[in-house]
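As provided, my_file21.cif (mmCIF, C-alpha atoms) reads as follows.
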data_protein
#
loop_
_atom_site.label_atom_id
_atom_site.label_comp_id
_atom_site.auth_asym_id
_atom_site.auth_seq_id
_atom_site.Cartn_x
_atom_site.Cartn_y
_atom_site.Cartn_z
CA MET A 1 0.00 0.00 0.00
CA LEU A 2 2.89 2.38 0.71
CA GLY A 3 4.09 2.15 -2.91
CA LYS A 4 0.66 3.12 -4.19
CA SER A 5 0.57 6.05 -1.76
CA ILE A 6 3.86 7.36 -3.12
CA VAL A 7 2.66 6.98 -6.71
CA ALA A 8 -0.57 8.73 -5.81
CA ALA A 9 1.32 11.44 -3.96
CA SER A 10 3.46 12.03 -7.03
CA VAL A 11 0.39 12.15 -9.28
CA PHE A 12 -1.25 14.65 -6.93
CA MET A 13 1.80 16.83 -6.78
CA ILE A 14 2.25 16.90 -10.54
CA GLY A 15 -1.43 17.61 -11.08
CA MET A 16 -1.45 20.44 -8.55
CA ALA A 17 1.92 22.03 -9.33
CA GLY A 18 2.15 21.52 -13.08
CA SER A 19 4.98 19.62 -14.67
CA ALA A 20 7.23 22.71 -14.92
CA LEU A 21 7.22 23.13 -11.14
CA ALA A 22 7.00 19.45 -10.29
CA GLN A 23 9.18 18.27 -7.44
CA THR A 24 9.10 14.92 -5.74
CA PRO A 25 7.02 14.99 -2.56
CA SER A 26 8.65 13.98 0.71
CA GLN A 27 6.87 11.65 3.06
CA ILE A 28 6.62 13.18 6.52
CA SER A 29 5.42 9.90 8.03
CA GLN A 30 3.06 6.98 7.52
CA PHE A 31 0.24 6.59 10.05
CA ASN A 32 -1.43 3.23 9.41
CA ALA A 33 -3.61 3.75 6.29
CA TRP A 34 -2.72 7.45 5.91
CA GLY A 35 0.51 9.11 4.89
CA ALA A 36 1.50 12.73 5.42
CA TYR A 37 3.50 14.38 2.60
CA SER A 38 4.95 17.74 1.64
CA TYR A 39 6.53 19.40 -1.37
CA GLN A 40 7.79 22.86 -2.25
CA SER A 41 5.71 24.96 -4.61
CA GLY A 42 6.32 28.44 -5.94
CA LYS A 43 4.21 29.76 -3.06
CA GLY A 44 5.90 27.75 -0.29
CA LYS A 45 5.54 24.34 1.28
CA VAL A 46 2.37 22.36 0.57
CA CYS A 47 1.43 19.60 3.03
CA TYR A 48 -1.27 16.96 2.69
CA ALA A 49 -2.53 13.61 4.02
CA LEU A 50 -3.35 10.87 1.54
CA SER A 51 -4.78 7.35 1.51
CA VAL A 52 -5.67 4.71 -1.05
CA PRO A 53 -8.85 2.59 -0.94
CA THR A 54 -8.91 -0.76 0.83
CA GLU A 55 -11.74 -1.92 -1.46
CA LYS A 56 -12.79 -0.96 -5.00
CA LEU A 57 -16.16 -1.93 -6.47
CA PRO A 58 -17.16 -3.22 -8.93
CA ALA A 59 -14.18 -5.56 -8.92
CA THR A 60 -14.56 -6.23 -12.66
CA VAL A 61 -13.52 -2.75 -13.88
CA ASN A 62 -10.18 -0.98 -14.13
CA HIS A 63 -10.31 1.81 -11.54
CA GLY A 64 -6.84 3.23 -12.12
CA ASP A 65 -5.18 4.95 -9.15
CA ASN A 66 -7.76 6.42 -6.80
CA PHE A 67 -7.09 8.27 -3.59
CA PHE A 68 -8.52 10.62 -1.03
CA LEU A 69 -6.45 13.48 0.25
CA VAL A 70 -6.71 16.39 2.61
CA SER A 71 -4.44 19.35 1.95
CA GLN A 72 -3.80 22.68 3.56
CA LYS A 73 -5.61 25.52 1.88
CA PRO A 74 -2.99 27.81 0.33
CA GLY A 75 -1.92 30.45 2.85
CA GLN A 76 -4.10 28.91 5.60
CA LYS A 77 -2.06 26.47 7.67
CA THR A 78 -5.02 25.43 9.84
CA ALA A 79 -7.70 25.15 7.13
CA LEU A 80 -7.92 21.69 5.58
CA GLU A 81 -9.42 20.92 2.17
CA PRO A 82 -10.59 17.36 1.38
CA GLN A 83 -10.74 16.01 -2.15
CA PHE A 84 -11.26 12.74 -4.01
CA MET A 85 -9.10 11.97 -7.03
CA ALA A 86 -10.21 9.22 -9.39
CA GLY A 87 -8.06 7.26 -11.82
CA TYR A 88 -10.59 8.03 -14.57
CA ASP A 89 -12.78 10.88 -15.77
CA LEU A 90 -15.86 11.38 -13.63
CA LYS A 91 -19.27 11.96 -15.21
CA GLU A 92 -19.91 15.66 -15.77
CA ALA A 93 -22.55 17.17 -13.48
CA SER A 94 -22.57 14.02 -11.30
CA LYS A 95 -21.89 14.03 -7.57
CA VAL A 96 -19.28 12.20 -5.53
CA VAL A 97 -20.82 11.14 -2.22
CA VAL A 98 -18.59 10.63 0.83
CA THR A 99 -20.19 8.71 3.70
CA ILE A 100 -18.85 8.22 7.23
CA GLY A 101 -21.21 6.58 9.69
CA ASN A 102 -24.62 8.19 9.16
CA ARG A 103 -23.22 11.42 7.63
CA SER A 104 -22.95 12.02 3.90
CA PHE A 105 -21.20 14.87 2.10
CA ASN A 106 -21.67 15.82 -1.55
CA MET A 107 -18.78 16.75 -3.79
CA PHE A 108 -19.00 18.44 -7.17
CA VAL A 109 -17.01 16.95 -10.03
CA ASN A 110 -14.29 18.59 -12.10
CA GLY A 111 -12.56 16.14 -14.47
CA LYS A 112 -11.11 13.37 -12.28
CA THR A 113 -11.57 15.26 -9.01
CA GLY A 114 -14.34 15.72 -6.45
CA TRP A 115 -14.48 18.79 -4.17
CA ILE A 116 -16.89 19.52 -1.30
CA GLU A 117 -19.91 21.40 -2.69
CA ASN A 118 -20.42 23.51 0.41
CA ALA A 119 -17.08 24.75 1.76
CA ALA A 120 -18.71 25.34 5.14
CA GLU A 121 -19.03 21.52 5.45
CA GLU A 122 -15.28 20.89 5.07
CA PRO A 123 -14.63 21.08 8.86
CA GLN A 124 -17.59 18.74 9.45
CA LEU A 125 -16.17 16.18 7.01
CA ILE A 126 -12.73 16.45 8.63
CA ALA A 127 -14.30 15.95 12.09
CA ALA A 128 -16.25 12.92 10.83
CA MET A 129 -13.04 11.47 9.36
CA ARG A 130 -11.21 11.95 12.67
CA GLY A 131 -14.04 10.20 14.55
CA GLY A 132 -14.83 7.43 12.07
CA ALA A 133 -13.46 3.97 11.31
CA THR A 134 -14.16 3.74 7.58
CA MET A 135 -15.21 6.08 4.80
CA THR A 136 -17.07 5.20 1.60
CA VAL A 137 -16.75 7.26 -1.56
CA LYS A 138 -19.27 6.69 -4.37
CA ALA A 139 -18.72 8.13 -7.82
CA GLN A 140 -19.83 7.67 -11.43
CA SER A 141 -17.41 7.38 -14.33
CA LYS A 142 -17.78 9.35 -17.55
CA ARG A 143 -19.00 6.08 -19.11
CA GLY A 144 -21.75 5.80 -16.49
CA THR A 145 -20.21 3.07 -14.30
CA ASN A 146 -21.17 3.44 -10.63
CA THR A 147 -18.10 2.93 -8.45
CA SER A 148 -17.54 2.64 -4.72
CA TYR A 149 -14.36 2.91 -2.65
CA THR A 150 -13.81 2.06 0.99
CA TYR A 151 -11.03 3.85 2.89
CA SER A 152 -9.74 2.97 6.33
CA LEU A 153 -9.62 5.99 8.61
CA SER A 154 -7.00 4.35 10.83
CA GLY A 155 -4.22 6.91 11.27
CA VAL A 156 -6.10 9.84 9.71
CA THR A 157 -6.02 11.94 12.90
CA ALA A 158 -2.25 11.59 13.28
CA ALA A 159 -1.72 12.32 9.57
CA LEU A 160 -3.93 15.42 9.73
CA ASN A 161 -2.12 16.61 12.85
CA ALA A 162 1.19 16.20 10.99
CA VAL A 163 -0.19 18.22 8.08
CA GLN A 164 -1.34 21.02 10.38
CA GLN A 165 2.10 21.13 12.05
CA CYS A 166 3.94 21.07 8.72
CA LYS A 167 5.92 24.24 8.05
#
Please express what this file holds, its structure, as structure tokens.
Amino acid sequence: MLGKSIVAASVFMIGMAGSALAQTPSQISQFNAWGAYSYQSGKGKVCYALSVPTEKLPATVNHGDNFFLVSQKPGQKTALEPQFMAGYDLKEASKVVVTIGNRSFNMFVNGKTGWIENAAEEPQLIAAMRGGATMTVKAQSKRGTNTSYTYSLSGVTAALNAVQQCK
């Protein structure tokens, strides 16, 4: 799982920074299912926590590399921004639904990425992640395939704490 996290971290970094500014992310530490990473951007150090799914459904399709990450909002060391990144194009105008316990959060879709629809719910999702055991992410591919991913939340609190202390 660690190898996939590093690949995913590299993909995230390249996607966020652009290939001209791309630098290899450094792993701060691994906390069970979650890793904390950082890299230098033109605007300073970017820190984020990342995990890969423990289960991908349906099992009969190629999902590519999928991961969930929580990064610092640029210029706001204490504000955390969750996002889902799929290994395929998501269906335009569809929703990604993140469920932890009895709470669900909707994400809007942009290409291969899902972002929280209502930014005011970001702290609620982070709190649910810190207090939960597993998280399910449901999405729909551009081709119309309904997909589901299960993430372990073991280690997420320690990883998020490392991200918030990252300087």
Which residues are near A:Leu50? Cut-off 9 Å, all atoms listed in the file, ignore same chain within fewer than 6 positions. Put them as a count of residues only. 15
On this structure, which residues satisfy the PyMOL selection byres ((chain A and resi 131) around 10), written as a ChimeraX atom specification? /A:100-101,125-130,132-134,153-154,156-157
What does the PyMOL selection byres ((chain A and resi 119) around 12) select in this file, as a ChimeraX atom specification? /A:73,79-83,105-108,115-118,120-126
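Neighbouring residues of A:Gln140 at 9 Å or closer, counting all atoms listed in the file and skipping chain neighbours under 6 positions away, are Asp89, Leu90, Lys91, Ser94, Lys95, Val96, Asn146, Thr147 and Ser148 of chain A.
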I'd like the interatomic distance between atom CA of A:Ala49 and atom CA of A:Gly144, to a tenth of an Å. 29.2 Å
Non-local contacts of A:Val137 (6 Å; all atoms listed in the file; under 5 positions in same chain excluded) as a count of residues only: 4
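One distance worth recording is that between atom CA of A:Thr113 and atom CA of A:Cys166, which is 24.3 Å.
Nearest residue to A:Lys45, choosing from A:Ala86, A:Gln72, A:Ser29, A:Leu160 and counting only C-alpha atoms: A:Gln72.
Straight-line separation from atom CA of A:Lys56 to atom CA of A:Ser38: 26.6 Å.
For A:Glu55, the residues within 8 Å (counting only C-alpha atoms, excluding itself and residues fewer than 2 positions away along the chain) are Pro53, Leu57, Tyr149, Thr150 and Tyr151 of chain A.
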Considering only C-alpha atoms, state which residue in the set A:Asn110, A:Gln164, A:Ser141, A:Thr136 is at the smallest distance from A:Val46. A:Gln164
